[in-house]
$ cat structure-v8.txt   # compact mmCIF, C-alpha atoms
# COMPACT_ATOMS: atom_id res chain seq x y z
CA MET Q 1 -40.01 172.68 -110.04
CA THR Q 2 -37.47 171.34 -107.55
CA ARG Q 3 -36.13 167.81 -107.40
CA HIS Q 4 -38.57 167.16 -104.54
CA ASP Q 5 -41.59 168.09 -106.63
CA LYS Q 6 -43.88 165.43 -108.00
CA ARG Q 7 -44.04 164.03 -111.49
CA ARG Q 8 -46.66 162.02 -113.35
CA ASN Q 9 -46.45 158.25 -113.60
CA ASN Q 10 -47.91 156.10 -116.36
CA SER Q 11 -51.33 155.94 -114.69
CA GLY Q 12 -51.73 159.73 -114.91
CA ARG Q 13 -51.54 160.23 -111.14
CA ARG Q 14 -48.94 162.53 -109.71
CA ARG Q 15 -46.43 160.45 -107.83
CA ALA Q 16 -43.20 161.28 -106.04
CA ASP Q 17 -39.99 159.74 -107.26
CA ILE Q 18 -39.59 156.98 -104.68
CA LYS Q 19 -35.82 157.47 -104.50
CA VAL Q 20 -35.74 161.15 -103.57
CA PRO Q 21 -35.70 162.32 -99.93
CA VAL Q 22 -38.98 162.46 -98.05
CA LEU Q 23 -40.16 165.16 -95.64
CA ILE Q 24 -41.13 163.84 -92.21
CA TRP Q 25 -42.45 165.80 -89.23
CA GLY Q 26 -43.09 165.52 -85.51
CA ILE Q 27 -40.75 164.92 -82.59
CA ASN Q 28 -41.08 161.11 -82.46
CA PRO Q 29 -40.45 160.43 -86.18
CA VAL Q 30 -37.45 162.76 -86.26
CA LEU Q 31 -36.04 161.23 -83.07
CA GLU Q 32 -36.52 157.76 -84.55
CA PHE Q 33 -34.27 158.69 -87.46
CA LEU Q 34 -31.72 160.38 -85.20
CA GLU Q 35 -31.50 157.23 -83.09
CA ASN Q 36 -31.64 154.57 -85.79
CA ALA Q 37 -30.65 156.14 -89.12
CA PRO Q 38 -28.87 159.46 -88.54
CA ASP Q 39 -26.96 159.16 -91.82
CA ALA Q 40 -30.29 159.23 -93.66
CA ILE Q 41 -31.06 162.75 -92.46
CA GLU Q 42 -30.25 165.52 -94.92
CA ASP Q 43 -31.64 168.47 -92.97
CA ILE Q 44 -33.69 169.16 -89.85
CA TYR Q 45 -35.99 172.17 -89.88
CA THR Q 46 -37.31 173.87 -86.76
CA LEU Q 47 -39.59 176.82 -86.10
CA PRO Q 48 -38.08 179.76 -84.18
CA SER Q 49 -39.91 178.79 -80.97
CA PHE Q 50 -38.63 175.19 -81.05
CA GLY Q 51 -36.19 174.26 -78.29
CA ARG Q 52 -37.90 175.76 -75.27
CA LYS Q 53 -39.38 172.52 -73.94
CA LYS Q 54 -37.52 169.55 -72.50
CA ARG Q 55 -38.15 167.10 -75.35
CA GLN Q 56 -37.37 169.76 -77.92
CA LYS Q 57 -34.06 170.51 -76.23
CA ALA Q 58 -33.28 166.79 -76.10
CA LEU Q 59 -33.90 166.46 -79.85
CA LEU Q 60 -31.64 169.40 -80.65
CA HIS Q 61 -28.95 168.03 -78.35
CA GLN Q 62 -29.11 164.64 -80.07
CA ALA Q 63 -29.03 166.28 -83.50
CA ALA Q 64 -25.90 168.20 -82.51
CA GLY Q 65 -24.31 164.97 -81.28
CA GLN Q 66 -25.02 163.33 -84.66
CA ASN Q 67 -23.75 166.39 -86.56
CA ALA Q 68 -27.16 166.68 -88.21
CA ARG Q 69 -27.67 169.99 -89.97
CA CYS Q 70 -30.44 172.06 -88.35
CA ARG Q 71 -32.06 175.02 -90.00
CA THR Q 72 -34.53 177.50 -88.54
CA VAL Q 73 -37.48 178.35 -90.79
CA MET Q 74 -40.32 180.79 -90.22
CA ASP Q 75 -42.99 178.25 -91.22
CA PHE Q 76 -43.47 175.01 -93.15
CA SER Q 77 -45.90 176.41 -95.71
CA ARG Q 78 -43.55 175.98 -98.67
CA MET Q 79 -42.79 172.36 -97.86
CA GLU Q 80 -44.80 169.35 -98.99
CA MET Q 81 -46.57 169.04 -95.65
CA PRO Q 82 -50.35 168.69 -95.26
CA ALA Q 83 -52.05 171.65 -93.62
CA SER Q 84 -53.40 169.28 -90.96
CA ALA Q 85 -49.96 167.85 -90.08
CA VAL Q 86 -49.12 167.78 -86.38
CA HIS Q 87 -45.52 168.86 -86.80
CA GLN Q 88 -44.74 170.00 -83.23
CA GLY Q 89 -42.39 172.59 -84.65
CA VAL Q 90 -39.91 170.21 -86.27
CA ALA Q 91 -39.47 168.46 -89.60
CA ALA Q 92 -36.66 166.69 -91.43
CA ARG Q 93 -35.81 165.59 -94.93
CA VAL Q 94 -34.64 161.98 -94.98
CA ARG Q 95 -33.37 159.60 -97.62
CA PRO Q 96 -35.55 156.49 -98.20
CA VAL Q 97 -33.26 153.97 -96.52
CA TRP Q 98 -36.27 151.67 -96.05
CA LEU Q 99 -36.37 150.79 -99.75
CA VAL Q 100 -35.20 147.44 -101.09
CA GLU Q 101 -35.15 146.35 -104.72
CA PRO Q 102 -37.30 143.34 -105.74
CA ASP Q 103 -34.24 141.26 -106.63
CA GLN Q 104 -32.79 141.90 -103.16
CA LEU Q 105 -35.74 140.58 -101.18
CA HIS Q 106 -34.22 137.16 -100.65
CA THR Q 107 -31.27 138.74 -98.82
CA LEU Q 108 -33.54 140.01 -96.04
CA TRP Q 109 -34.42 136.72 -94.39
CA LYS Q 110 -31.11 134.88 -94.69
CA GLU Q 111 -31.53 131.85 -92.38
CA GLU Q 112 -34.97 132.93 -91.12
CA THR Q 113 -38.34 131.77 -92.42
CA PRO Q 114 -39.54 134.40 -94.90
CA LEU Q 115 -42.57 136.52 -94.09
CA VAL Q 116 -43.62 139.36 -96.39
CA VAL Q 117 -46.77 141.43 -96.76
CA VAL Q 118 -48.01 142.18 -100.27
CA CYS Q 119 -50.35 145.17 -100.62
CA ASP Q 120 -52.62 145.11 -103.65
CA GLN Q 121 -53.59 148.72 -104.43
CA ILE Q 122 -53.94 149.95 -100.85
CA THR Q 123 -54.22 153.71 -101.15
CA ASP Q 124 -55.02 155.08 -97.68
CA PRO Q 125 -51.87 156.52 -96.04
CA GLY Q 126 -53.14 155.79 -92.53
CA ASN Q 127 -53.74 152.14 -93.37
CA MET Q 128 -50.39 151.89 -95.10
CA GLY Q 129 -48.60 153.33 -92.08
CA ALA Q 130 -50.44 150.95 -89.74
CA ILE Q 131 -49.57 147.97 -91.97
CA ILE Q 132 -45.90 148.93 -91.90
CA ARG Q 133 -46.03 149.29 -88.12
CA SER Q 134 -47.64 145.86 -87.64
CA SER Q 135 -45.21 144.31 -90.11
CA ALA Q 136 -42.27 145.63 -88.11
CA ALA Q 137 -43.84 144.63 -84.80
CA PHE Q 138 -44.46 141.03 -85.82
CA GLY Q 139 -41.27 140.41 -87.74
CA ALA Q 140 -42.25 140.69 -91.40
CA HIS Q 141 -39.17 141.13 -93.53
CA ALA Q 142 -40.76 143.45 -96.08
CA VAL Q 143 -43.92 145.19 -97.22
CA ILE Q 144 -44.31 144.99 -101.00
CA LEU Q 145 -46.29 147.68 -102.82
CA SER Q 146 -47.38 147.92 -106.42
CA ARG Q 147 -45.77 150.80 -108.27
CA ARG Q 148 -49.13 152.10 -109.44
CA ASN Q 149 -52.34 152.72 -107.47
CA SER Q 150 -50.72 152.40 -104.05
CA ALA Q 151 -50.17 154.87 -101.24
CA GLU Q 152 -46.85 156.65 -101.59
CA ILE Q 153 -44.40 156.48 -98.69
CA THR Q 154 -44.81 160.07 -97.59
CA GLY Q 155 -44.42 161.82 -94.27
CA THR Q 156 -48.06 160.99 -93.55
CA VAL Q 157 -47.38 157.26 -93.91
CA ILE Q 158 -44.19 157.50 -91.84
CA LYS Q 159 -46.05 159.42 -89.13
CA ALA Q 160 -48.77 156.74 -89.08
CA SER Q 161 -46.11 154.03 -88.81
CA ALA Q 162 -44.73 155.79 -85.69
CA GLY Q 163 -41.20 155.37 -87.03
CA ALA Q 164 -41.56 151.62 -87.59
CA ILE Q 165 -40.61 152.07 -91.25
CA LEU Q 166 -36.98 151.87 -90.12
CA HIS Q 167 -37.55 148.39 -88.70
CA THR Q 168 -38.77 146.64 -91.83
CA ARG Q 169 -38.22 147.18 -95.55
CA VAL Q 170 -40.47 148.46 -98.31
CA CYS Q 171 -40.25 147.09 -101.82
CA VAL Q 172 -41.95 148.91 -104.69
CA ALA Q 173 -42.56 146.33 -107.37
CA GLY Q 174 -44.35 146.34 -110.70
CA ASN Q 175 -47.26 144.06 -111.50
CA THR Q 176 -48.70 142.39 -108.37
CA VAL Q 177 -49.41 139.08 -110.13
CA LYS Q 178 -45.85 138.86 -111.45
CA THR Q 179 -44.58 139.69 -107.98
CA LEU Q 180 -46.59 136.80 -106.52
CA GLN Q 181 -45.27 134.44 -109.19
CA LYS Q 182 -41.71 135.47 -108.37
CA LEU Q 183 -42.29 134.88 -104.65
CA GLN Q 184 -43.76 131.46 -105.41
CA LYS Q 185 -40.67 130.52 -107.39
CA GLU Q 186 -38.61 131.49 -104.35
CA GLY Q 187 -40.58 129.05 -102.22
CA LEU Q 188 -43.09 131.34 -100.49
CA LEU Q 189 -46.72 130.28 -100.07
CA THR Q 190 -48.91 133.16 -101.27
CA VAL Q 191 -51.90 133.60 -98.95
CA ALA Q 192 -54.83 135.79 -99.97
CA LEU Q 193 -56.58 137.28 -96.95
CA THR Q 194 -60.24 137.49 -97.93
CA ALA Q 195 -63.55 138.29 -96.29
CA ASP Q 196 -65.36 135.24 -97.69
CA ARG Q 197 -65.84 131.96 -95.86
CA SER Q 198 -62.58 130.38 -96.88
CA GLN Q 199 -60.44 128.42 -94.44
CA PRO Q 200 -60.06 130.11 -91.02
CA ILE Q 201 -56.60 131.56 -90.63
CA TRP Q 202 -55.78 129.60 -87.47
CA ASN Q 203 -56.49 126.27 -89.21
CA HIS Q 204 -53.63 126.79 -91.66
CA ASP Q 205 -49.94 126.18 -91.08
CA LEU Q 206 -48.28 129.59 -91.20
CA SER Q 207 -44.89 128.41 -89.99
CA THR Q 208 -43.71 127.94 -93.59
CA PRO Q 209 -42.41 130.76 -95.85
CA ILE Q 210 -45.41 133.05 -96.31
CA ALA Q 211 -46.44 136.02 -98.43
CA LEU Q 212 -49.58 137.52 -96.90
CA VAL Q 213 -51.60 139.30 -99.61
CA LEU Q 214 -53.92 142.17 -98.64
CA GLY Q 215 -56.52 143.93 -100.75
CA ALA Q 216 -57.61 147.53 -101.18
CA GLU Q 217 -59.91 149.34 -98.79
CA GLY Q 218 -63.53 148.53 -99.57
CA LYS Q 219 -62.86 146.58 -102.78
CA GLY Q 220 -60.63 143.92 -101.31
CA LEU Q 221 -58.33 141.83 -103.46
CA ARG Q 222 -58.73 141.90 -107.20
CA GLN Q 223 -59.93 138.61 -108.63
CA MET Q 224 -56.84 138.18 -110.81
CA VAL Q 225 -54.69 138.48 -107.68
CA VAL Q 226 -56.76 135.94 -105.72
CA GLN Q 227 -56.56 133.50 -108.62
CA ASN Q 228 -52.78 133.68 -108.55
CA CYS Q 229 -52.48 133.00 -104.81
CA ASP Q 230 -51.86 129.50 -103.48
CA THR Q 231 -54.62 129.64 -100.89
CA ARG Q 232 -57.30 131.86 -99.37
CA LEU Q 233 -57.78 132.45 -95.64
CA HIS Q 234 -60.21 134.54 -93.62
CA ILE Q 235 -60.42 135.88 -90.08
CA PRO Q 236 -63.60 134.56 -88.40
CA GLN Q 237 -65.50 137.23 -86.49
CA SER Q 238 -68.94 138.05 -85.18
CA PRO Q 239 -71.51 138.25 -88.00
CA SER Q 240 -73.04 141.34 -86.37
CA VAL Q 241 -69.89 143.38 -86.99
CA GLU Q 242 -68.58 144.64 -90.31
CA SER Q 243 -65.34 143.21 -91.62
CA LEU Q 244 -62.11 144.53 -90.15
CA ASN Q 245 -60.37 147.18 -92.17
CA VAL Q 246 -57.26 146.10 -94.03
CA ALA Q 247 -54.78 147.38 -91.44
CA SER Q 248 -56.57 145.64 -88.56
CA ALA Q 249 -56.89 142.41 -90.54
CA CYS Q 250 -53.17 142.59 -91.32
CA THR Q 251 -52.37 142.91 -87.62
CA VAL Q 252 -54.49 139.87 -86.71
CA ALA Q 253 -52.96 137.77 -89.51
CA LEU Q 254 -49.41 138.73 -88.57
CA TYR Q 255 -50.08 138.02 -84.91
CA GLU Q 256 -51.41 134.55 -85.75
CA THR Q 257 -48.35 133.90 -87.89
CA ARG Q 258 -46.05 134.99 -85.08
CA ARG Q 259 -48.01 132.89 -82.57
CA GLN Q 260 -47.67 129.76 -84.67
CA ARG Q 261 -44.00 130.33 -85.36
CA SER Q 262 -43.25 130.83 -81.67
CA GLY Q 263 -44.84 127.47 -80.88
CA ALA Q 264 -47.55 129.02 -78.68
CA SER Q 265 -50.74 127.07 -78.24
$ encode --input "structure-v8.txt" --output "structure tokens"
Amino acid sequence: MTRHDKRRNNSGRRRADIKVPVLIWGINPVLEFLENAPDAIEDIYTLPSFGRKKRQKALLHQAAGQNARCRTVMDFSRMEMPASAVHQGVAARVRPVWLVEPDQLHTLWKEETPLVVVCDQITDPGNMGAIIRSSAAFGAHAVILSRRNSAEITGTVIKASAGAILHTRVCVAGNTVKTLQKLQKEGLLTVALTADRSQPIWNHDLSTPIALVLGAEGKGLRQMVVQNCDTRLHIPQSPSVESLNVASACTVALYETRRQRSGAS
């Protein structure tokens, strides 16, 4: 096994070491790293046909300008890339510069009002990528994941985030309840986003330091997590439509937070 192979965690699932480099793929994700975190790139891999089109040539030109090491490979079959991946002929191995340690979270907001997203056992990579993208778009300082039973930050997640992972931070913490208690001690209001008829989200003051807590797909938040949050809020919607999925609900909640903080009416 190589250092990029997976190992088992305490839950019995195979899980990648979160500190080792991650394989990403596709022109946009690779360009995002070249433009915003070139030092995080270890290697760029291209298929023999890559470089014939305009955008491909532009990527290679930018890689050369950043002194990024490019290697031609015959295929990606021996790399940890899903068979369904839309790689567009290019991939790269990047160091996880998006990671922040739990005890460093408070350094992210400095003089700003804290806003973090806490994910309680969200396992779908597409949802995780969309949550990271919305978090970056609406100014969340970090997305906090539980170490166990959460989607790993893989190339699939990074692809779904459309490169937004470089514009926020990801914190892999231990127990979710202990994480909430720590955030509360640091002055953040922990807000459980639920599907029940709790207080509508727009009736609550979100201009204060906030930790928005999201639950797993289908199951929602675990009861022990809800019980350790300061308040519960829901997003009112038409009763004829099923509840929003977790990524969409996150986007709405973050938008409302940003709206209130900007002073919009």
$ residues_around --input "structure-v8.txt" --residues "Trp25 of chain Q" --least-positions-apart "2" --cutoff "12 Å" --atoms "only C-alpha atoms" --output "PDB file with C-alpha atoms, keeping the file's coordinate frame"
ATOM      1  CA  VAL Q  22     -38.980 162.460 -98.050  1.00  0.00           C
ATOM      2  CA  LEU Q  23     -40.160 165.160 -95.640  1.00  0.00           C
ATOM      3  CA  ILE Q  27     -40.750 164.920 -82.590  1.00  0.00           C
ATOM      4  CA  ASN Q  28     -41.080 161.110 -82.460  1.00  0.00           C
ATOM      5  CA  PRO Q  29     -40.450 160.430 -86.180  1.00  0.00           C
ATOM      6  CA  VAL Q  30     -37.450 162.760 -86.260  1.00  0.00           C
ATOM      7  CA  LEU Q  31     -36.040 161.230 -83.070  1.00  0.00           C
ATOM      8  CA  GLU Q  32     -36.520 157.760 -84.550  1.00  0.00           C
ATOM      9  CA  PHE Q  33     -34.270 158.690 -87.460  1.00  0.00           C
ATOM     10  CA  ASP Q  43     -31.640 168.470 -92.970  1.00  0.00           C
ATOM     11  CA  ILE Q  44     -33.690 169.160 -89.850  1.00  0.00           C
ATOM     12  CA  TYR Q  45     -35.990 172.170 -89.880  1.00  0.00           C
ATOM     13  CA  THR Q  46     -37.310 173.870 -86.760  1.00  0.00           C
ATOM     14  CA  LEU Q  47     -39.590 176.820 -86.100  1.00  0.00           C
ATOM     15  CA  PHE Q  76     -43.470 175.010 -93.150  1.00  0.00           C
ATOM     16  CA  MET Q  79     -42.790 172.360 -97.860  1.00  0.00           C
ATOM     17  CA  GLU Q  80     -44.800 169.350 -98.990  1.00  0.00           C
ATOM     18  CA  MET Q  81     -46.570 169.040 -95.650  1.00  0.00           C
ATOM     19  CA  PRO Q  82     -50.350 168.690 -95.260  1.00  0.00           C
ATOM     20  CA  SER Q  84     -53.400 169.280 -90.960  1.00  0.00           C
ATOM     21  CA  ALA Q  85     -49.960 167.850 -90.080  1.00  0.00           C
ATOM     22  CA  VAL Q  86     -49.120 167.780 -86.380  1.00  0.00           C
ATOM     23  CA  HIS Q  87     -45.520 168.860 -86.800  1.00  0.00           C
ATOM     24  CA  GLN Q  88     -44.740 170.000 -83.230  1.00  0.00           C
ATOM     25  CA  GLY Q  89     -42.390 172.590 -84.650  1.00  0.00           C
ATOM     26  CA  VAL Q  90     -39.910 170.210 -86.270  1.00  0.00           C
ATOM     27  CA  ALA Q  91     -39.470 168.460 -89.600  1.00  0.00           C
ATOM     28  CA  ALA Q  92     -36.660 166.690 -91.430  1.00  0.00           C
ATOM     29  CA  ARG Q  93     -35.810 165.590 -94.930  1.00  0.00           C
ATOM     30  CA  VAL Q  94     -34.640 161.980 -94.980  1.00  0.00           C
ATOM     31  CA  THR Q 154     -44.810 160.070 -97.590  1.00  0.00           C
ATOM     32  CA  GLY Q 155     -44.420 161.820 -94.270  1.00  0.00           C
ATOM     33  CA  THR Q 156     -48.060 160.990 -93.550  1.00  0.00           C
ATOM     34  CA  VAL Q 157     -47.380 157.260 -93.910  1.00  0.00           C
ATOM     35  CA  ILE Q 158     -44.190 157.500 -91.840  1.00  0.00           C
ATOM     36  CA  LYS Q 159     -46.050 159.420 -89.130  1.00  0.00           C
ATOM     37  CA  ALA Q 160     -48.770 156.740 -89.080  1.00  0.00           C
ATOM     38  CA  ALA Q 162     -44.730 155.790 -85.690  1.00  0.00           C
ATOM     39  CA  GLY Q 163     -41.200 155.370 -87.030  1.00  0.00           C
TER      40      GLY Q 163
END
$ closest_residue --input "structure-v8.txt" --among "Q:Val226, Q:Val172, Q:Ile41, Q:Ile131" --to "Val252 of chain Q" --atoms "all atoms listed in the file"
Q:Ile131
$ residues_near_point --input "structure-v8.txt" --point "(-27.4, 153.6, -97.1)" --cutoff "8 Å" --atoms "all atoms listed in the file" --output "tab-separated table (two decimals) with C-alpha atoms, in the frame of the given file"
chain	number	residue	atom	x	y	z
Q	39	ASP	CA	-26.96	159.16	-91.82
Q	40	ALA	CA	-30.29	159.23	-93.66
Q	97	VAL	CA	-33.26	153.97	-96.52
$ closest_atom_pairs --input "structure-v8.txt" --of "segment 67-133 of chain Q" --to "segment 189-199 of chain Q" --cutoff "10 Å" --atoms "all atoms listed in the file" --output "tab-separated table"
residue	atom	partner	partner_atom	distance
Q:Pro114	CA	Q:Leu189	CA	9.8
Q:Leu115	CA	Q:Leu189	CA	9.6
Q:Val116	CA	Q:Thr190	CA	9.5
Q:Val117	CA	Q:Val191	CA	9.6
Q:Val118	CA	Q:Thr190	CA	9.1
$ axis_aligned_box --input "structure-v8.txt" --around "segment 231-242 of chain Q" --padding-each-side "4 Å" --output "JSON"
{"center_x": -63.8, "center_y": 137.1, "center_z": -93.0, "size_x": 26.4, "size_y": 23.0, "size_z": 23.7}
$ decode --input "structure-v8.txt" --residues "segment 189-218 of chain Q" --atoms "N, CA and C atoms" --output "compact mmCIF listing (two decimals), in the first residue's frame"
# COMPACT_ATOMS: atom_id res chain seq x y z
N LEU Q 189 -23.70 31.12 19.35
CA LEU Q 189 -25.03 30.55 19.55
C LEU Q 189 -25.15 29.35 18.61
N THR Q 190 -25.44 28.19 19.16
CA THR Q 190 -25.57 26.98 18.34
C THR Q 190 -27.02 26.81 17.91
N VAL Q 191 -27.23 26.80 16.60
CA VAL Q 191 -28.58 26.80 16.02
C VAL Q 191 -28.81 25.50 15.26
N ALA Q 192 -29.74 24.69 15.73
CA ALA Q 192 -30.09 23.45 15.05
C ALA Q 192 -31.10 23.75 13.96
N LEU Q 193 -30.79 23.41 12.74
CA LEU Q 193 -31.73 23.59 11.64
C LEU Q 193 -32.55 22.30 11.52
N THR Q 194 -33.83 22.39 11.82
CA THR Q 194 -34.68 21.21 11.88
C THR Q 194 -35.85 21.35 10.90
N ALA Q 195 -36.53 20.24 10.69
CA ALA Q 195 -37.69 20.24 9.79
C ALA Q 195 -39.00 20.40 10.55
N ASP Q 196 -38.95 20.42 11.88
CA ASP Q 196 -40.19 20.54 12.65
C ASP Q 196 -40.63 22.00 12.72
N ARG Q 197 -41.76 22.22 13.31
CA ARG Q 197 -42.33 23.57 13.37
C ARG Q 197 -41.76 24.36 14.54
N SER Q 198 -40.47 24.56 14.51
CA SER Q 198 -39.82 25.41 15.49
C SER Q 198 -39.94 26.85 15.00
N GLN Q 199 -39.18 27.74 15.55
CA GLN Q 199 -39.25 29.14 15.16
C GLN Q 199 -38.76 29.32 13.72
N PRO Q 200 -39.49 30.08 12.90
CA PRO Q 200 -39.01 30.35 11.53
C PRO Q 200 -37.66 31.05 11.55
N ILE Q 201 -36.82 30.70 10.62
CA ILE Q 201 -35.45 31.19 10.63
C ILE Q 201 -35.37 32.70 10.53
N TRP Q 202 -36.30 33.32 9.80
CA TRP Q 202 -36.21 34.78 9.63
C TRP Q 202 -36.74 35.56 10.83
N ASN Q 203 -37.31 34.86 11.81
CA ASN Q 203 -37.77 35.54 13.03
C ASN Q 203 -36.68 35.59 14.10
N HIS Q 204 -35.53 35.02 13.82
CA HIS Q 204 -34.47 34.95 14.82
C HIS Q 204 -33.31 35.85 14.41
N ASP Q 205 -32.70 36.47 15.40
CA ASP Q 205 -31.56 37.35 15.15
C ASP Q 205 -30.32 36.51 14.85
N LEU Q 206 -29.87 36.57 13.60
CA LEU Q 206 -28.69 35.81 13.18
C LEU Q 206 -27.46 36.70 13.01
N SER Q 207 -27.55 37.91 13.52
CA SER Q 207 -26.42 38.83 13.39
C SER Q 207 -25.37 38.61 14.47
N THR Q 208 -25.67 37.75 15.44
CA THR Q 208 -24.75 37.43 16.52
C THR Q 208 -23.83 36.28 16.07
N PRO Q 209 -22.79 35.96 16.84
CA PRO Q 209 -21.96 34.79 16.50
C PRO Q 209 -22.80 33.52 16.43
N ILE Q 210 -22.72 32.80 15.30
CA ILE Q 210 -23.62 31.68 15.04
C ILE Q 210 -22.84 30.44 14.61
N ALA Q 211 -23.28 29.30 15.12
CA ALA Q 211 -22.88 28.00 14.59
C ALA Q 211 -24.14 27.33 14.08
N LEU Q 212 -24.26 27.18 12.78
CA LEU Q 212 -25.43 26.58 12.14
C LEU Q 212 -25.20 25.07 12.08
N VAL Q 213 -26.10 24.30 12.66
CA VAL Q 213 -25.90 22.85 12.82
C VAL Q 213 -26.85 22.10 11.89
N LEU Q 214 -26.28 21.28 11.01
CA LEU Q 214 -27.04 20.57 9.98
C LEU Q 214 -26.99 19.07 10.22
N GLY Q 215 -28.11 18.40 9.93
CA GLY Q 215 -28.19 16.96 10.15
C GLY Q 215 -28.01 16.13 8.90
N ALA Q 216 -27.90 14.83 9.10
CA ALA Q 216 -27.64 13.89 8.02
C ALA Q 216 -28.81 13.80 7.06
N GLU Q 217 -28.49 13.37 5.83
CA GLU Q 217 -29.50 13.18 4.81
C GLU Q 217 -30.54 12.16 5.29
N GLY Q 218 -31.80 12.53 5.19
CA GLY Q 218 -32.87 11.61 5.56
C GLY Q 218 -33.14 11.59 7.06
